[in-house]
Amino acid sequence: MHIYANPTRFLSLAKWLMPLLFWSGLVLSVGATVWGLFVVPPDQLMGETVRILFIHVPAAWLGMGGWAGIAISSAMLLIWKHPLAAIAARAIAVPGMVFCAICLATGSIWGRPTWGTWWEWDGRLTSMLVLLFLYAGYIALTQATAREGGSAKIAAIFGIVGAVNVPIINRSVVWWNSLHQPPSITAGKSAIDATFLVPLLVAVIGFSLLFGAIVLMRMRALIAEEQVEARLRRRALDDDGPAAVAPVMEQA
């Protein structure tokens, strides 16, 4: 991993990897969404509402996976002091929050005809809402740290501590009585018919590739922003140098 600690090496990798992830992810996600919305038959129990799962499930996966990425990047910053770890965590936060919000919105749309209510304070929904608030807090913290020039370690600690919520989300439907259905896909098993499972997996892969492309785009933008700020600071020091020395010479 440290071979890509140099921003120049990372940018050279991202230059060709980003369009590869973006276009392959776009094709797969759009294809799977069209497949799920217009091709697969209605479910025997859920009827037409089953189609929203082709957006809801990838969004839930990436909402949780995004915070896992933040936690891993934060650990790399604290343990190995990887130069790009803080940038990676900041790049993940915004798309992670967006997918988390999409998960909650689509879940509410699905829940209205299925449960008869837009919202229920059960374990899965509540813990997912907590994750949305964690994203908002993390983004605010990193922006304040970047603006005030504080240490990135504070945000990294927050990212690791917040990861406790991810397994809670995953196991909430097992630990507590819930309106939300139990896990449909477990290790080596699936309760979903292949008619729905195949396009669902394609959608998850496609949206994951798009997520990776967006993170790389944001990392490139953040690196460019930091490089510009560094150049401006150096220019300011160069401009202030003679002015700062002159009063000292006059006093002498």
# chains A, B, ... in the order shown; residues from 1 in each chain; ligands from 1

$ residues_around --residues "region 211-215 of chain A" --least-positions-apart "4" --cutoff "9 Å" --atoms "only C-alpha atoms" --output "VMD selection string"
chain A and resid 14 17 to 23 25 62 66 88 90 to 96 206 to 207 219 to 220

$ residues_around --residues "region 132-137 of chain A" --least-positions-apart "4" --cutoff "12 Å" --atoms "only C-alpha atoms" --output "NGL selection string"
:A and (60 or 63-64 or 66-68 or 70-71 or 89-105 or 125-128 or 141-144 or 155 or 158-166 or 169)

$ atom_distance --atom1 "CA of Ser172 (chain A)" --atom2 "CA of Arg124 (chain A)"
5.4 Å

$ select_by_dssp --residues "region 16-247 of chain A" --states "strand (DSSP E)" --output "PyMOL selection string"
chain A and resi 185-186+189-190

$ write_last_selection --atoms "all heavy atoms" --output "compact mmCIF listing (two decimals), in the first residue's frame"
# COMPACT_ATOMS: atom_id res chain seq x y z
N ILE A 185 -29.54 -13.21 2.40
CA ILE A 185 -28.31 -13.79 1.86
C ILE A 185 -27.33 -13.96 3.02
O ILE A 185 -26.95 -12.99 3.67
CB ILE A 185 -27.70 -12.91 0.77
CG1 ILE A 185 -28.70 -12.71 -0.37
CG2 ILE A 185 -26.41 -13.53 0.23
CD1 ILE A 185 -28.19 -11.75 -1.44
N THR A 186 -26.95 -15.18 3.29
CA THR A 186 -25.95 -15.47 4.31
C THR A 186 -24.82 -16.27 3.68
O THR A 186 -24.83 -16.53 2.47
CB THR A 186 -26.58 -16.26 5.48
OG1 THR A 186 -27.21 -17.44 4.95
CG2 THR A 186 -27.62 -15.42 6.20
N LYS A 189 -25.60 -19.31 1.45
CA LYS A 189 -27.02 -19.57 1.32
C LYS A 189 -27.74 -18.31 0.84
O LYS A 189 -27.28 -17.19 1.07
CB LYS A 189 -27.62 -20.02 2.66
CG LYS A 189 -27.06 -21.33 3.20
CD LYS A 189 -27.72 -21.69 4.52
CE LYS A 189 -27.15 -22.99 5.08
NZ LYS A 189 -27.77 -23.34 6.39
N SER A 190 -28.88 -18.54 0.18
CA SER A 190 -29.71 -17.43 -0.25
C SER A 190 -31.17 -17.86 -0.24
O SER A 190 -31.52 -18.93 -0.72
CB SER A 190 -29.32 -16.97 -1.66
OG SER A 190 -30.24 -16.01 -2.14

$ decode --residues "region 23-39 of chain A" --atoms "all heavy atoms" --output "PDB file, in the first residue's frame"
ATOM      1  N   TRP A  23     -17.190   3.523 -16.073  1.00  0.00           N
ATOM      2  CA  TRP A  23     -17.977   3.058 -17.209  1.00  0.00           C
ATOM      3  C   TRP A  23     -18.475   1.630 -17.017  1.00  0.00           C
ATOM      4  O   TRP A  23     -19.615   1.309 -17.371  1.00  0.00           O
ATOM      5  CB  TRP A  23     -17.169   3.183 -18.498  1.00  0.00           C
ATOM      6  CG  TRP A  23     -16.976   4.618 -18.899  1.00  0.00           C
ATOM      7  CD1 TRP A  23     -15.807   5.317 -18.901  1.00  0.00           C
ATOM      8  CD2 TRP A  23     -17.993   5.533 -19.323  1.00  0.00           C
ATOM      9  NE1 TRP A  23     -16.019   6.619 -19.288  1.00  0.00           N
ATOM     10  CE2 TRP A  23     -17.350   6.774 -19.558  1.00  0.00           C
ATOM     11  CE3 TRP A  23     -19.364   5.435 -19.515  1.00  0.00           C
ATOM     12  CZ2 TRP A  23     -18.055   7.892 -19.992  1.00  0.00           C
ATOM     13  CZ3 TRP A  23     -20.066   6.566 -19.941  1.00  0.00           C
ATOM     14  CH2 TRP A  23     -19.408   7.764 -20.181  1.00  0.00           C
ATOM     15  N   SER A  24     -17.648   0.769 -16.428  1.00  0.00           N
ATOM     16  CA  SER A  24     -18.120  -0.594 -16.163  1.00  0.00           C
ATOM     17  C   SER A  24     -19.225  -0.578 -15.109  1.00  0.00           C
ATOM     18  O   SER A  24     -20.228  -1.296 -15.225  1.00  0.00           O
ATOM     19  CB  SER A  24     -16.961  -1.485 -15.720  1.00  0.00           C
ATOM     20  OG  SER A  24     -16.331  -0.961 -14.559  1.00  0.00           O
ATOM     21  N   GLY A  25     -19.065   0.249 -14.081  1.00  0.00           N
ATOM     22  CA  GLY A  25     -20.091   0.357 -13.057  1.00  0.00           C
ATOM     23  C   GLY A  25     -21.381   0.949 -13.595  1.00  0.00           C
ATOM     24  O   GLY A  25     -22.478   0.516 -13.227  1.00  0.00           O
ATOM     25  N   LEU A  26     -21.253   1.945 -14.481  1.00  0.00           N
ATOM     26  CA  LEU A  26     -22.440   2.572 -15.055  1.00  0.00           C
ATOM     27  C   LEU A  26     -23.228   1.570 -15.894  1.00  0.00           C
ATOM     28  O   LEU A  26     -24.458   1.480 -15.791  1.00  0.00           O
ATOM     29  CB  LEU A  26     -22.035   3.781 -15.892  1.00  0.00           C
ATOM     30  CG  LEU A  26     -23.180   4.609 -16.476  1.00  0.00           C
ATOM     31  CD1 LEU A  26     -24.000   5.257 -15.367  1.00  0.00           C
ATOM     32  CD2 LEU A  26     -22.632   5.677 -17.430  1.00  0.00           C
ATOM     33  N   VAL A  27     -22.524   0.803 -16.725  1.00  0.00           N
ATOM     34  CA  VAL A  27     -23.190  -0.180 -17.577  1.00  0.00           C
ATOM     35  C   VAL A  27     -23.891  -1.239 -16.734  1.00  0.00           C
ATOM     36  O   VAL A  27     -25.063  -1.581 -16.964  1.00  0.00           O
ATOM     37  CB  VAL A  27     -22.174  -0.826 -18.543  1.00  0.00           C
ATOM     38  CG1 VAL A  27     -22.807  -2.023 -19.261  1.00  0.00           C
ATOM     39  CG2 VAL A  27     -21.679   0.191 -19.558  1.00  0.00           C
ATOM     40  N   LEU A  28     -23.189  -1.762 -15.724  1.00  0.00           N
ATOM     41  CA  LEU A  28     -23.769  -2.817 -14.892  1.00  0.00           C
ATOM     42  C   LEU A  28     -24.934  -2.304 -14.054  1.00  0.00           C
ATOM     43  O   LEU A  28     -25.981  -2.967 -13.958  1.00  0.00           O
ATOM     44  CB  LEU A  28     -22.698  -3.419 -13.989  1.00  0.00           C
ATOM     45  CG  LEU A  28     -21.622  -4.267 -14.667  1.00  0.00           C
ATOM     46  CD1 LEU A  28     -20.571  -4.710 -13.655  1.00  0.00           C
ATOM     47  CD2 LEU A  28     -22.243  -5.486 -15.351  1.00  0.00           C
ATOM     48  N   SER A  29     -24.773  -1.143 -13.442  1.00  0.00           N
ATOM     49  CA  SER A  29     -25.832  -0.634 -12.564  1.00  0.00           C
ATOM     50  C   SER A  29     -27.077  -0.244 -13.353  1.00  0.00           C
ATOM     51  O   SER A  29     -28.209  -0.560 -12.930  1.00  0.00           O
ATOM     52  CB  SER A  29     -25.320   0.558 -11.745  1.00  0.00           C
ATOM     53  OG  SER A  29     -24.855   1.589 -12.594  1.00  0.00           O
ATOM     54  N   VAL A  30     -26.893   0.420 -14.490  1.00  0.00           N
ATOM     55  CA  VAL A  30     -28.053   0.787 -15.316  1.00  0.00           C
ATOM     56  C   VAL A  30     -28.721  -0.468 -15.872  1.00  0.00           C
ATOM     57  O   VAL A  30     -29.955  -0.594 -15.850  1.00  0.00           O
ATOM     58  CB  VAL A  30     -27.629   1.733 -16.456  1.00  0.00           C
ATOM     59  CG1 VAL A  30     -28.777   1.927 -17.449  1.00  0.00           C
ATOM     60  CG2 VAL A  30     -27.197   3.079 -15.890  1.00  0.00           C
ATOM     61  N   GLY A  31     -27.909  -1.414 -16.362  1.00  0.00           N
ATOM     62  CA  GLY A  31     -28.468  -2.651 -16.897  1.00  0.00           C
ATOM     63  C   GLY A  31     -29.235  -3.436 -15.846  1.00  0.00           C
ATOM     64  O   GLY A  31     -30.346  -3.929 -16.097  1.00  0.00           O
ATOM     65  N   ALA A  32     -28.652  -3.552 -14.642  1.00  0.00           N
ATOM     66  CA  ALA A  32     -29.316  -4.297 -13.570  1.00  0.00           C
ATOM     67  C   ALA A  32     -30.582  -3.591 -13.102  1.00  0.00           C
ATOM     68  O   ALA A  32     -31.586  -4.249 -12.782  1.00  0.00           O
ATOM     69  CB  ALA A  32     -28.352  -4.486 -12.395  1.00  0.00           C
ATOM     70  N   THR A  33     -30.547  -2.255 -13.057  1.00  0.00           N
ATOM     71  CA  THR A  33     -31.734  -1.505 -12.635  1.00  0.00           C
ATOM     72  C   THR A  33     -32.873  -1.677 -13.631  1.00  0.00           C
ATOM     73  O   THR A  33     -34.032  -1.912 -13.252  1.00  0.00           O
ATOM     74  CB  THR A  33     -31.394  -0.017 -12.469  1.00  0.00           C
ATOM     75  OG1 THR A  33     -30.338   0.135 -11.513  1.00  0.00           O
ATOM     76  CG2 THR A  33     -32.609   0.763 -11.991  1.00  0.00           C
ATOM     77  N   VAL A  34     -32.555  -1.562 -14.922  1.00  0.00           N
ATOM     78  CA  VAL A  34     -33.577  -1.781 -15.954  1.00  0.00           C
ATOM     79  C   VAL A  34     -34.101  -3.211 -15.890  1.00  0.00           C
ATOM     80  O   VAL A  34     -35.311  -3.463 -15.996  1.00  0.00           O
ATOM     81  CB  VAL A  34     -32.995  -1.465 -17.349  1.00  0.00           C
ATOM     82  CG1 VAL A  34     -33.968  -1.874 -18.453  1.00  0.00           C
ATOM     83  CG2 VAL A  34     -32.659   0.018 -17.466  1.00  0.00           C
ATOM     84  N   TRP A  35     -33.189  -4.150 -15.709  1.00  0.00           N
ATOM     85  CA  TRP A  35     -33.547  -5.564 -15.578  1.00  0.00           C
ATOM     86  C   TRP A  35     -34.510  -5.775 -14.404  1.00  0.00           C
ATOM     87  O   TRP A  35     -35.544  -6.439 -14.528  1.00  0.00           O
ATOM     88  CB  TRP A  35     -32.266  -6.364 -15.386  1.00  0.00           C
ATOM     89  CG  TRP A  35     -32.401  -7.855 -15.421  1.00  0.00           C
ATOM     90  CD1 TRP A  35     -33.550  -8.596 -15.547  1.00  0.00           C
ATOM     91  CD2 TRP A  35     -31.335  -8.802 -15.319  1.00  0.00           C
ATOM     92  NE1 TRP A  35     -33.266  -9.938 -15.525  1.00  0.00           N
ATOM     93  CE2 TRP A  35     -31.907 -10.092 -15.392  1.00  0.00           C
ATOM     94  CE3 TRP A  35     -29.950  -8.678 -15.175  1.00  0.00           C
ATOM     95  CZ2 TRP A  35     -31.148 -11.250 -15.318  1.00  0.00           C
ATOM     96  CZ3 TRP A  35     -29.188  -9.824 -15.103  1.00  0.00           C
ATOM     97  CH2 TRP A  35     -29.774 -11.098 -15.179  1.00  0.00           C
ATOM     98  N   GLY A  36     -34.168  -5.189 -13.271  1.00  0.00           N
ATOM     99  CA  GLY A  36     -34.994  -5.375 -12.087  1.00  0.00           C
ATOM    100  C   GLY A  36     -36.317  -4.636 -12.143  1.00  0.00           C
ATOM    101  O   GLY A  36     -37.337  -5.126 -11.642  1.00  0.00           O
ATOM    102  N   LEU A  37     -36.327  -3.447 -12.751  1.00  0.00           N
ATOM    103  CA  LEU A  37     -37.542  -2.642 -12.764  1.00  0.00           C
ATOM    104  C   LEU A  37     -38.546  -3.082 -13.834  1.00  0.00           C
ATOM    105  O   LEU A  37     -39.759  -2.942 -13.642  1.00  0.00           O
ATOM    106  CB  LEU A  37     -37.188  -1.163 -12.968  1.00  0.00           C
ATOM    107  CG  LEU A  37     -36.444  -0.475 -11.827  1.00  0.00           C
ATOM    108  CD1 LEU A  37     -36.126   0.966 -12.197  1.00  0.00           C
ATOM    109  CD2 LEU A  37     -37.255  -0.510 -10.538  1.00  0.00           C
ATOM    110  N   PHE A  38     -38.045  -3.582 -14.952  1.00  0.00           N
ATOM    111  CA  PHE A  38     -38.935  -3.809 -16.090  1.00  0.00           C
ATOM    112  C   PHE A  38     -38.979  -5.250 -16.596  1.00  0.00           C
ATOM    113  O   PHE A  38     -39.883  -5.594 -17.350  1.00  0.00           O
ATOM    114  CB  PHE A  38     -38.532  -2.895 -17.258  1.00  0.00           C
ATOM    115  CG  PHE A  38     -38.561  -1.438 -16.912  1.00  0.00           C
ATOM    116  CD1 PHE A  38     -37.375  -0.737 -16.731  1.00  0.00           C
ATOM    117  CD2 PHE A  38     -39.766  -0.777 -16.753  1.00  0.00           C
ATOM    118  CE1 PHE A  38     -37.398   0.610 -16.412  1.00  0.00           C
ATOM    119  CE2 PHE A  38     -39.800   0.569 -16.422  1.00  0.00           C
ATOM    120  CZ  PHE A  38     -38.617   1.272 -16.253  1.00  0.00           C
ATOM    121  N   VAL A  39     -38.027  -6.092 -16.206  1.00  0.00           N
ATOM    122  CA  VAL A  39     -37.948  -7.436 -16.777  1.00  0.00           C
ATOM    123  C   VAL A  39     -38.416  -8.512 -15.807  1.00  0.00           C
ATOM    124  O   VAL A  39     -39.225  -9.373 -16.169  1.00  0.00           O
ATOM    125  CB  VAL A  39     -36.515  -7.742 -17.275  1.00  0.00           C
ATOM    126  CG1 VAL A  39     -36.434  -9.165 -17.819  1.00  0.00           C
ATOM    127  CG2 VAL A  39     -36.092  -6.735 -18.342  1.00  0.00           C
TER     128      VAL A  39
END
